[in-house]
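With mmCIF, C-alpha atoms inside, this is final_29.cif:
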data_query
loop_
_atom_site.label_atom_id
_atom_site.label_comp_id
_atom_site.auth_asym_id
_atom_site.auth_seq_id
_atom_site.Cartn_x
_atom_site.Cartn_y
_atom_site.Cartn_z
CA TYR A 1 9.14 -13.29 -14.86
CA LEU A 2 9.20 -10.41 -17.31
CA LEU A 3 10.41 -11.39 -20.76
CA GLU A 4 11.89 -9.39 -23.60
CA ALA A 5 10.94 -11.29 -26.77
CA GLY A 6 9.20 -10.90 -30.10
CA ASP A 7 5.60 -11.88 -30.75
CA ALA A 8 6.50 -15.14 -32.48
CA ASP A 9 8.92 -16.16 -29.71
CA ALA A 10 6.30 -15.36 -27.05
CA ALA A 11 3.73 -17.46 -28.91
CA ARG A 12 6.17 -20.40 -29.06
CA LEU A 13 6.88 -19.98 -25.35
CA ARG A 14 3.16 -20.07 -24.57
CA ASP A 15 2.82 -23.33 -26.51
CA GLN A 16 5.89 -24.79 -24.79
CA LEU A 17 4.73 -23.88 -21.29
CA ALA A 18 1.25 -25.22 -22.05
CA ALA A 19 2.72 -28.73 -21.78
CA LEU A 20 4.07 -28.00 -18.28
CA HIS A 21 1.53 -25.79 -16.58
CA TYR A 22 -1.46 -25.90 -14.28
CA SER A 23 -2.25 -22.22 -14.86
CA LEU A 24 -0.61 -20.11 -17.54
CA VAL A 25 -0.72 -16.40 -18.31
CA VAL A 26 1.50 -14.82 -20.99
CA VAL A 27 0.39 -11.23 -21.59
CA GLY A 28 1.99 -8.13 -23.07
CA GLY A 29 3.21 -6.93 -26.44
CA ASP A 30 5.70 -4.64 -28.16
CA GLY A 31 8.57 -6.88 -27.08
CA LEU A 32 7.73 -7.09 -23.33
CA TRP A 33 5.74 -9.93 -21.75
CA ASN A 34 4.61 -10.90 -18.27
CA VAL A 35 4.86 -14.67 -17.76
CA HIS A 36 3.05 -16.29 -14.81
CA VAL A 37 2.85 -20.08 -14.63
CA HIS A 38 2.20 -22.74 -11.97
CA VAL A 39 4.42 -25.78 -12.59
CA ASP A 40 6.07 -28.71 -10.86
CA ASP A 41 9.40 -27.96 -12.62
CA ALA A 42 10.22 -24.26 -12.22
CA GLY A 43 13.63 -24.69 -13.83
CA ALA A 44 12.09 -25.90 -17.08
CA ALA A 45 9.81 -22.85 -17.18
CA VAL A 46 12.79 -20.50 -16.73
CA GLU A 47 14.85 -22.35 -19.34
CA ALA A 48 11.98 -21.99 -21.80
CA GLY A 49 12.05 -18.25 -21.17
CA VAL A 50 15.80 -18.12 -21.84
CA GLU A 51 15.25 -19.88 -25.16
CA ALA A 52 12.51 -17.40 -26.10
CA GLY A 53 14.31 -14.19 -25.15
CA ARG A 54 15.64 -12.42 -22.04
CA PRO A 55 13.77 -13.18 -18.82
CA TYR A 56 14.34 -10.97 -15.79
CA ARG A 57 12.75 -10.17 -12.42
CA ILE A 58 12.39 -13.92 -12.07
CA ARG A 59 10.38 -14.86 -8.99
CA ILE A 60 9.75 -18.45 -7.90
CA THR A 61 7.38 -19.24 -5.03
CA HIS A 62 7.06 -22.71 -3.53
CA PHE A 63 3.45 -23.57 -2.64
CA GLY A 64 3.98 -27.11 -1.36
CA VAL A 65 2.87 -30.37 -2.91
CA GLY A 66 -0.20 -29.90 -5.06
CA ASP A 67 -1.06 -26.41 -3.79
CA ALA A 68 0.07 -24.67 -6.98
CA HIS A 69 -2.66 -26.34 -9.03
CA THR A 70 -5.18 -23.87 -10.39
CA THR A 71 -6.99 -26.26 -12.72
CA GLY A 72 -7.80 -29.95 -12.67
CA ALA A 73 -8.01 -32.24 -9.67
CA GLU A 74 -7.71 -31.28 -6.04
CA PRO A 75 -4.25 -31.19 -4.42
CA ALA A 76 -2.93 -34.70 -3.81
CA ALA A 77 -1.35 -33.93 -0.42
CA PRO A 78 -2.62 -30.63 0.92
CA GLY A 79 -0.65 -28.92 3.65
CA GLU A 80 -1.83 -26.57 6.35
CA ARG A 81 -4.76 -24.42 5.25
CA ALA A 82 -4.21 -20.71 4.77
CA GLN A 83 -6.36 -18.50 6.98
CA ARG A 84 -8.02 -16.55 4.15
CA ALA A 85 -8.13 -16.47 0.37
CA VAL A 86 -9.91 -14.60 -2.41
CA VAL A 87 -11.42 -16.54 -5.33
CA ALA A 88 -12.44 -14.47 -8.36
CA VAL A 89 -13.98 -15.09 -11.77
CA VAL A 90 -12.16 -13.05 -14.41
CA PRO A 91 -13.07 -12.54 -18.10
CA GLY A 92 -9.58 -12.47 -19.64
CA GLU A 93 -6.07 -13.80 -19.28
CA GLY A 94 -4.60 -10.37 -18.63
CA LEU A 95 -6.93 -9.78 -15.71
CA ALA A 96 -6.22 -13.30 -14.48
CA GLY A 97 -2.55 -12.34 -14.23
CA LEU A 98 -3.38 -9.09 -12.46
CA TYR A 99 -5.62 -10.84 -9.93
CA ALA A 100 -3.07 -13.62 -9.41
CA GLU A 101 -0.33 -11.08 -8.69
CA ALA A 102 -2.61 -9.64 -6.01
CA GLY A 103 -2.88 -13.09 -4.45
CA ALA A 104 -6.28 -14.25 -5.73
CA THR A 105 -7.15 -17.70 -7.03
CA THR A 106 -8.80 -17.15 -10.41
CA VAL A 107 -11.35 -18.89 -12.58
CA LEU A 108 -11.17 -17.83 -16.24
CA ALA A 109 -14.53 -17.10 -17.86
CA ARG A 110 -14.08 -17.08 -21.62
CA PRO A 111 -16.62 -15.19 -23.78
CA GLY A 112 -19.76 -17.30 -24.08
CA GLU A 113 -18.42 -19.89 -21.60
CA PRO A 114 -19.45 -18.90 -18.07
CA PRO A 115 -18.07 -21.21 -15.38
CA ALA A 116 -20.36 -23.68 -13.64
CA SER A 117 -20.75 -23.82 -9.88
CA GLY A 118 -18.56 -26.94 -9.82
CA GLU A 119 -15.63 -24.94 -11.24
CA LEU A 120 -16.02 -22.37 -8.49
CA VAL A 121 -16.16 -25.12 -5.87
CA GLN A 122 -12.92 -26.58 -7.23
CA ALA A 123 -11.31 -23.11 -7.16
CA VAL A 124 -12.28 -22.65 -3.50
CA ARG A 125 -10.80 -26.05 -2.71
CA ARG A 126 -7.60 -25.15 -4.54
CA ALA A 127 -7.33 -21.93 -2.53
CA HIS A 128 -7.12 -24.27 0.49
CA ALA A 129 -8.14 -21.71 3.10
CA ARG A 130 -10.36 -21.64 6.17
CA GLU A 131 -12.02 -18.42 5.01
CA VAL A 132 -12.77 -17.46 1.41
CA VAL A 133 -14.06 -14.27 -0.18
CA LEU A 134 -15.78 -15.05 -3.49
CA LEU A 135 -15.95 -12.44 -6.28
CA PRO A 136 -18.20 -13.54 -9.21
CA ASN A 137 -17.54 -10.29 -11.13
CA ASP A 138 -20.68 -10.82 -13.24
CA ALA A 139 -24.33 -10.22 -12.33
CA ASP A 140 -25.33 -13.37 -14.24
CA LEU A 141 -23.01 -15.50 -12.08
CA ARG A 142 -24.46 -14.47 -8.72
CA HIS A 143 -26.70 -17.54 -8.38
CA THR A 144 -23.93 -19.84 -9.63
CA ALA A 145 -21.55 -18.38 -7.06
CA ALA A 146 -24.17 -18.67 -4.32
CA ALA A 147 -24.64 -22.37 -5.09
CA ALA A 148 -20.88 -22.90 -4.96
CA ALA A 149 -20.65 -21.04 -1.65
CA GLU A 150 -23.36 -23.22 -0.10
CA GLN A 151 -21.56 -26.37 -1.16
CA VAL A 152 -18.18 -25.41 0.30
CA ARG A 153 -19.78 -24.12 3.51
CA ALA A 154 -21.03 -27.66 3.99
CA GLU A 155 -17.37 -28.72 3.81
CA GLY A 156 -16.46 -26.45 6.72
CA VAL A 157 -15.14 -23.43 4.80
CA ARG A 158 -16.33 -19.99 5.86
CA VAL A 159 -17.36 -18.20 2.65
CA ALA A 160 -18.51 -14.65 1.97
CA LEU A 161 -19.98 -13.84 -1.43
CA ILE A 162 -19.50 -10.22 -2.52
CA PRO A 163 -21.94 -9.56 -5.41
CA THR A 164 -19.48 -7.87 -7.76
CA ARG A 165 -21.01 -7.29 -11.19
CA SER A 166 -17.82 -6.48 -13.10
CA ALA A 167 -14.13 -7.29 -12.94
CA VAL A 168 -13.38 -3.61 -12.22
CA GLN A 169 -15.49 -3.84 -9.06
CA GLY A 170 -13.47 -6.91 -8.15
CA ILE A 171 -10.24 -4.96 -8.64
CA ALA A 172 -11.51 -2.28 -6.24
CA ALA A 173 -12.46 -4.91 -3.66
CA LEU A 174 -9.12 -6.70 -3.97
CA ALA A 175 -7.25 -3.40 -3.53
CA VAL A 176 -8.56 -3.00 0.03
CA HIS A 177 -8.35 -6.69 0.98
CA GLU A 178 -6.33 -7.21 4.17
CA PRO A 179 -6.05 -10.84 5.33
CA GLU A 180 -4.84 -9.72 8.77
CA ARG A 181 -8.16 -8.07 9.58
CA ARG A 182 -11.09 -9.90 11.11
CA PHE A 183 -13.04 -11.72 8.41
CA ASP A 184 -16.22 -9.68 8.82
CA GLU A 185 -14.31 -6.39 8.74
CA ASP A 186 -12.43 -7.43 5.62
CA VAL A 187 -15.66 -8.44 3.86
CA VAL A 188 -17.37 -5.15 4.79
CA SER A 189 -14.41 -3.13 3.50
CA MET A 190 -14.24 -5.08 0.22
CA THR A 191 -18.01 -4.86 -0.26
CA SER A 192 -17.94 -1.12 0.33
CA ALA A 193 -15.11 -0.61 -2.19
CA ALA A 194 -16.92 -2.68 -4.82
CA GLY A 195 -20.20 -0.89 -4.23
CA ALA A 196 -18.53 2.52 -4.57
CA THR A 197 -17.19 1.59 -8.02
CA ARG A 198 -19.40 2.31 -11.01
CA TYR A 199 -18.73 0.03 -13.95
CA ALA A 200 -19.15 0.19 -17.69
CA GLU A 201 -18.14 -1.63 -20.81
CA VAL A 202 -17.79 -0.69 -24.45
CA THR A 203 -18.61 -3.39 -26.98
CA VAL A 204 -19.91 -3.88 -30.51
CA ALA A 205 -23.53 -4.80 -31.24
CA GLU A 206 -23.88 -8.18 -32.94
CA HIS A 207 -27.39 -7.54 -34.28
CA GLN A 208 -30.17 -4.96 -34.36
CA SER A 209 -32.00 -4.59 -31.07
CA TRP A 210 -33.93 -2.25 -28.81
CA THR A 211 -31.93 -0.69 -25.97
CA MET A 212 -32.42 1.86 -23.20
CA ALA A 213 -30.70 4.39 -25.50
CA GLY A 214 -32.74 3.57 -28.61
CA ILE A 215 -32.43 1.13 -31.51
CA CYS A 216 -28.93 -0.09 -32.32
CA GLN A 217 -27.77 -1.71 -35.54
CA ALA A 218 -25.29 -4.53 -35.99
CA GLY A 219 -21.80 -3.05 -35.85
CA ASP A 220 -22.73 -0.08 -33.66
CA VAL A 221 -20.48 0.66 -30.70
CA LEU A 222 -22.41 0.35 -27.44
CA GLY A 223 -21.52 1.93 -24.13
CA LEU A 224 -23.15 0.15 -21.19
CA VAL A 225 -23.17 1.85 -17.79
CA ASP A 226 -24.04 -0.31 -14.78
CA GLY A 227 -25.38 -2.97 -17.14
CA ASP A 228 -27.67 -0.81 -19.31
CA VAL A 229 -26.93 0.63 -22.75
CA ALA A 230 -26.39 4.36 -22.25
CA VAL A 231 -24.58 5.40 -25.46
CA ILE A 232 -24.82 4.21 -29.08
CA GLY A 233 -22.05 5.39 -31.38
CA GLN A 234 -19.94 4.60 -34.41
CA ASP A 235 -16.45 5.27 -33.02
CA LEU A 236 -14.90 3.39 -30.11
CA THR A 237 -13.01 6.34 -28.61
CA ALA A 238 -15.87 8.82 -28.95
CA THR A 239 -18.31 6.35 -27.39
CA ALA A 240 -15.91 5.62 -24.52
CA GLU A 241 -15.44 9.35 -23.91
CA ALA A 242 -19.21 9.82 -23.75
CA VAL A 243 -19.46 6.94 -21.27
CA LEU A 244 -16.70 8.44 -19.10
CA ASP A 245 -18.41 11.83 -19.13
CA ARG A 246 -21.65 10.27 -17.90
CA MET A 247 -19.88 8.36 -15.15
CA LEU A 248 -17.67 11.22 -13.97
CA ALA A 249 -20.58 13.66 -13.91
CA ALA A 250 -21.40 12.09 -10.53
CA GLY A 251 -17.81 12.53 -9.35
CA GLY A 252 -14.86 10.20 -9.02
CA GLU A 253 -11.23 9.97 -8.01
CA LEU A 254 -9.88 7.03 -10.02
CA VAL A 255 -10.67 5.68 -13.49
CA THR A 256 -9.65 2.12 -14.35
CA LEU A 257 -9.48 1.18 -18.04
CA VAL A 258 -9.16 -2.50 -19.00
CA LEU A 259 -8.40 -2.94 -22.71
CA GLY A 260 -9.39 -6.08 -24.58
CA ASP A 261 -7.23 -7.61 -27.30
CA ASP A 262 -9.33 -6.07 -30.08
CA ALA A 263 -9.08 -2.50 -28.75
CA PRO A 264 -6.44 -0.28 -30.41
CA GLU A 265 -3.61 0.77 -28.09
CA SER A 266 -4.23 4.41 -29.01
CA VAL A 267 -7.61 4.32 -27.22
CA ALA A 268 -6.04 4.22 -23.77
CA ALA A 269 -3.82 7.23 -24.41
CA ARG A 270 -6.70 9.29 -25.81
CA LEU A 271 -8.96 8.42 -22.89
CA GLU A 272 -6.22 9.24 -20.38
CA THR A 273 -5.82 12.63 -22.05
CA HIS A 274 -9.60 13.16 -22.01
CA VAL A 275 -9.75 12.52 -18.26
CA ARG A 276 -6.65 14.58 -17.47
CA GLU A 277 -7.83 17.61 -19.45
CA GLY A 278 -11.48 17.48 -18.38
CA TYR A 279 -11.41 16.31 -14.77
CA LEU A 280 -8.94 17.70 -12.26
CA ALA A 281 -7.54 15.39 -9.58
CA VAL A 282 -8.87 12.23 -11.27
CA ASP A 283 -6.21 9.56 -11.83
CA THR A 284 -6.29 6.90 -14.55
CA VAL A 285 -4.97 3.33 -14.44
CA VAL A 286 -4.71 1.20 -17.60
CA CYS A 287 -4.70 -2.62 -17.61
CA HIS A 288 -4.72 -5.16 -20.44
CA GLY A 289 -7.45 -7.77 -20.11
CA GLY A 290 -6.65 -10.01 -23.07
CA ARG A 291 -9.52 -11.92 -24.68
CA GLN A 292 -12.18 -10.54 -22.35
CA GLY A 293 -15.16 -10.21 -24.70
CA ALA A 294 -15.72 -6.45 -24.34
CA LEU A 295 -13.43 -4.02 -26.16
CA LEU A 296 -13.09 -1.96 -23.00
CA LEU A 297 -14.05 -2.21 -19.35
CA ILE A 298 -14.28 0.99 -17.31
CA GLY A 299 -14.41 1.49 -13.56
CA VAL A 300 -14.88 4.79 -11.72
CA GLU A 301 -14.21 4.98 -7.98
#
In structure tokens, what does this structure look like?
Amino acid sequence: YLLEAGDADAARLRDQLAALHYSLVVVGGDGLWNVHVHVDDAGAAVEAGVEAGRPYRIRITHFGVGDAHTTGAEPAAPGERAQRAVVAVVPGEGLAGLYAEAGATTVLARPGEPPASGELVQAVRRAHAREVVLLPNDADLRHTAAAAAEQVRAEGVRVALIPTRSAVQGIAALAVHEPERRFDEDVVSMTSAAGATRYAEVTVAEHQSWTMAGICQAGDVLGLVDGDVAVIGQDLTATAEAVLDRMLAAGGELVTLVLGDDAPESVAARLETHVREGYLAVDTVVCHGGRQGALLLIGVE
């Protein structure tokens, strides 16, 4: 449900639902929150929202016994397997909510805590499908995801690993996912969409180091394009604009901006204006990623 509530009330709701949930996402701000939770007692989750503020657009979906679990043990009494599912590693709670709304089973990768192959195996089992598309969304997780895929293939699940290197590539892949298509056709379409999406991130250097763009100092703002440092700056917005200019120089139709918790809200508006004024016919979509590590993730399709 969507919830109108203050910051303190939303924080209390998050703590209250934490005692009930298998998977919990409470994201938003400025008095409006998106609440997504997997529970055995849906009524208690709604009542908690009423106590915290004004919930609306309430949607309750019944998954069957055990199938709503997104963490912990395997379902106790699994029902009929779904034909196809998408399992994705995501770096922040906001993106986890976005992916979940699109129907994906998510594995949260907190900064400095990459998931092990066993966590991905458990996620595939929770998805409870005959066919699974796996999105690691991180170049460093490719081998981990491959090991997980091999294990679940031995259990009779058909798995395709799409080597997405960023969550924005995963968003592009998920946008063209069509479970009704033949498995191979769906995988080719998703792989093509991911491959056509350039990715970048804007973060802050933790220490002095050599980079492809020169020497950076601790505290510098770094703009990484396709995994390599391309811009070193002092200001978040200016660095992000320089990164966008480099990416859009090769063309593009859609820019996706994923803001981390530590990024000022004003950044998104300024970058949207920069794209609108400098690049005709390029649309911009803004998402909130939560505690995702990077200040900003950028995708250009």
Please report the interatomic distance between CA of His288 in chain A and CA of Thr144 in chain A in Å with one decimal.
26.5 Å
Hey, which of A:Ala269, A:Leu161, A:Val90, A:Met247 ends up closest to Asn137 in chain A? Count all atoms listed in the file.
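For Asn137 in chain A, the nearest of the given residues is A:Val90.
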Distance query Tyr56 in chain A at most 10 Å, only C-alpha atoms, self and fewer than 2 positions along chain excluded, as a VMD selection string:
chain A and resid 1 to 4 46 49 to 50 53 to 54 58 to 59
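Close contacts of Gly94 in chain A, defined as residues with an atom at most 7 Å away when counting all atoms listed in the file, with chain neighbours fewer than 3 positions off set aside, comprise Val27, Gly97, Leu98, His288, Gly289 and Gly290 of chain A.
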When distances are computed from all atoms listed in the file, which of A:Arg246, A:Arg57, A:Arg84, A:Arg291 shows the smallest separation from Leu108 in chain A?
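Between A:Arg246, A:Arg57, A:Arg84, A:Arg291, the residue approaching Leu108 in chain A most closely is A:Arg291.
Interatomic distance, CA of Thr239 in chain A to CA of Gly223 in chain A: 6.4 Å.
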Distance in Å - CA of Ala52 in chain A versus CA of Ala10 in chain A
6.6 Å
Non-local contacts of Ala268 in chain A (12 Å; all atoms listed in the file; under 5 positions in same chain excluded) as number ranges by chain:
A: 236-237, 240-241, 255-260, 263, 273-275, 284-288, 295-298
Nearest residue to Pro163 in chain A out of A:Glu150, A:Asp262, A:Ala139, A:His177, using all atoms listed in the file?
A:Ala139
Resolved residues for the PyMOL selection byres ((chain A and resi 83) around 9) as a PyMOL selection string:
chain A and resi 81-82+84-85+128-132+179
Translate the PyMOL selection byres ((chain A and resi 209) around 12), as applied to the file shown, into an explicit residue set as a ChimeraX atom specification.
/A:205-208,210-220,222,229,232
Could you please fill out range 164-187 of chain A with N, CA, C and O atoms and send it back as an mmCIF file, in the coordinates of the input?
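After the write, result_23.cif holds the following:
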data_model
loop_
_atom_site.group_PDB
_atom_site.id
_atom_site.type_symbol
_atom_site.label_atom_id
_atom_site.label_comp_id
_atom_site.auth_asym_id
_atom_site.auth_seq_id
_atom_site.Cartn_x
_atom_site.Cartn_y
_atom_site.Cartn_z
ATOM 1 N N THR A 164 -20.095 -8.736 -6.750
ATOM 2 C CA THR A 164 -19.480 -7.870 -7.760
ATOM 3 C C THR A 164 -20.066 -8.180 -9.130
ATOM 4 O O THR A 164 -20.221 -9.336 -9.507
ATOM 5 N N ARG A 165 -20.364 -7.137 -9.886
ATOM 6 C CA ARG A 165 -21.010 -7.290 -11.190
ATOM 7 C C ARG A 165 -20.030 -7.116 -12.353
ATOM 8 O O ARG A 165 -20.398 -7.325 -13.508
ATOM 9 N N SER A 166 -18.815 -6.716 -12.059
ATOM 10 C CA SER A 166 -17.820 -6.480 -13.100
ATOM 11 C C SER A 166 -16.437 -6.710 -12.521
ATOM 12 O O SER A 166 -16.223 -6.557 -11.311
ATOM 13 N N ALA A 167 -15.499 -7.059 -13.398
ATOM 14 C CA ALA A 167 -14.130 -7.290 -12.940
ATOM 15 C C ALA A 167 -13.506 -6.032 -12.349
ATOM 16 O O ALA A 167 -12.639 -6.118 -11.479
ATOM 17 N N VAL A 168 -13.957 -4.838 -12.781
ATOM 18 C CA VAL A 168 -13.380 -3.610 -12.220
ATOM 19 C C VAL A 168 -13.857 -3.403 -10.780
ATOM 20 O O VAL A 168 -13.133 -2.836 -9.960
ATOM 21 N N GLN A 169 -15.063 -3.875 -10.458
ATOM 22 C CA GLN A 169 -15.490 -3.840 -9.060
ATOM 23 C C GLN A 169 -14.665 -4.819 -8.229
ATOM 24 O O GLN A 169 -14.329 -4.548 -7.081
ATOM 25 N N GLY A 170 -14.325 -5.946 -8.831
ATOM 26 C CA GLY A 170 -13.470 -6.910 -8.150
ATOM 27 C C GLY A 170 -12.080 -6.356 -7.881
ATOM 28 O O GLY A 170 -11.489 -6.608 -6.818
ATOM 29 N N ILE A 171 -11.546 -5.586 -8.825
ATOM 30 C CA ILE A 171 -10.240 -4.960 -8.640
ATOM 31 C C ILE A 171 -10.293 -4.005 -7.442
ATOM 32 O O ILE A 171 -9.383 -3.975 -6.604
ATOM 33 N N ALA A 172 -11.367 -3.223 -7.352
ATOM 34 C CA ALA A 172 -11.510 -2.280 -6.240
ATOM 35 C C ALA A 172 -11.602 -3.020 -4.905
ATOM 36 O O ALA A 172 -11.004 -2.608 -3.909
ATOM 37 N N ALA A 173 -12.338 -4.128 -4.890
ATOM 38 C CA ALA A 173 -12.460 -4.910 -3.660
ATOM 39 C C ALA A 173 -11.123 -5.517 -3.261
ATOM 40 O O ALA A 173 -10.734 -5.496 -2.088
ATOM 41 N N LEU A 174 -10.410 -6.051 -4.248
ATOM 42 C CA LEU A 174 -9.120 -6.700 -3.970
ATOM 43 C C LEU A 174 -8.090 -5.686 -3.478
ATOM 44 O O LEU A 174 -7.200 -6.017 -2.689
ATOM 45 N N ALA A 175 -8.221 -4.436 -3.913
ATOM 46 C CA ALA A 175 -7.250 -3.400 -3.530
ATOM 47 C C ALA A 175 -7.299 -3.088 -2.040
ATOM 48 O O ALA A 175 -6.294 -2.647 -1.466
ATOM 49 N N VAL A 176 -8.446 -3.308 -1.396
ATOM 50 C CA VAL A 176 -8.560 -3.000 0.030
ATOM 51 C C VAL A 176 -8.557 -4.261 0.891
ATOM 52 O O VAL A 176 -8.725 -4.195 2.103
ATOM 53 N N HIS A 177 -8.372 -5.406 0.249
ATOM 54 C CA HIS A 177 -8.350 -6.690 0.980
ATOM 55 C C HIS A 177 -7.153 -6.752 1.914
ATOM 56 O O HIS A 177 -6.021 -6.510 1.503
ATOM 57 N N GLU A 178 -7.403 -7.075 3.180
ATOM 58 C CA GLU A 178 -6.330 -7.210 4.170
ATOM 59 C C GLU A 178 -6.575 -8.496 4.968
ATOM 60 O O GLU A 178 -7.443 -8.536 5.850
ATOM 61 N N PRO A 179 -5.827 -9.553 4.657
ATOM 62 C CA PRO A 179 -6.050 -10.840 5.330
ATOM 63 C C PRO A 179 -5.848 -10.786 6.838
ATOM 64 O O PRO A 179 -6.363 -11.647 7.559
ATOM 65 N N GLU A 180 -5.113 -9.788 7.331
ATOM 66 C CA GLU A 180 -4.840 -9.720 8.770
ATOM 67 C C GLU A 180 -6.043 -9.220 9.565
ATOM 68 O O GLU A 180 -6.109 -9.399 10.779
ATOM 69 N N ARG A 181 -6.981 -8.568 8.885
ATOM 70 C CA ARG A 181 -8.160 -8.070 9.580
ATOM 71 C C ARG A 181 -9.106 -9.210 9.936
ATOM 72 O O ARG A 181 -9.017 -10.306 9.374
ATOM 73 N N ARG A 182 -10.027 -8.943 10.854
ATOM 74 C CA ARG A 182 -11.090 -9.900 11.110
ATOM 75 C C ARG A 182 -11.878 -10.121 9.825
ATOM 76 O O ARG A 182 -12.044 -9.213 9.003
ATOM 77 N N PHE A 183 -12.374 -11.339 9.652
ATOM 78 C CA PHE A 183 -13.040 -11.720 8.410
ATOM 79 C C PHE A 183 -14.204 -10.771 8.093
ATOM 80 O O PHE A 183 -14.307 -10.254 6.976
ATOM 81 N N ASP A 184 -15.059 -10.531 9.066
ATOM 82 C CA ASP A 184 -16.220 -9.680 8.820
ATOM 83 C C ASP A 184 -15.808 -8.264 8.422
ATOM 84 O O ASP A 184 -16.418 -7.656 7.533
ATOM 85 N N GLU A 185 -14.778 -7.734 9.066
ATOM 86 C CA GLU A 185 -14.310 -6.390 8.740
ATOM 87 C C GLU A 185 -13.748 -6.336 7.327
ATOM 88 O O GLU A 185 -13.965 -5.364 6.591
ATOM 89 N N ASP A 186 -13.013 -7.373 6.958
ATOM 90 C CA ASP A 186 -12.430 -7.430 5.620
ATOM 91 C C ASP A 186 -13.539 -7.484 4.562
ATOM 92 O O ASP A 186 -13.491 -6.782 3.542
ATOM 93 N N VAL A 187 -14.560 -8.300 4.802
ATOM 94 C CA VAL A 187 -15.660 -8.440 3.860
ATOM 95 C C VAL A 187 -16.425 -7.121 3.723
ATOM 96 O O VAL A 187 -16.782 -6.701 2.609
#
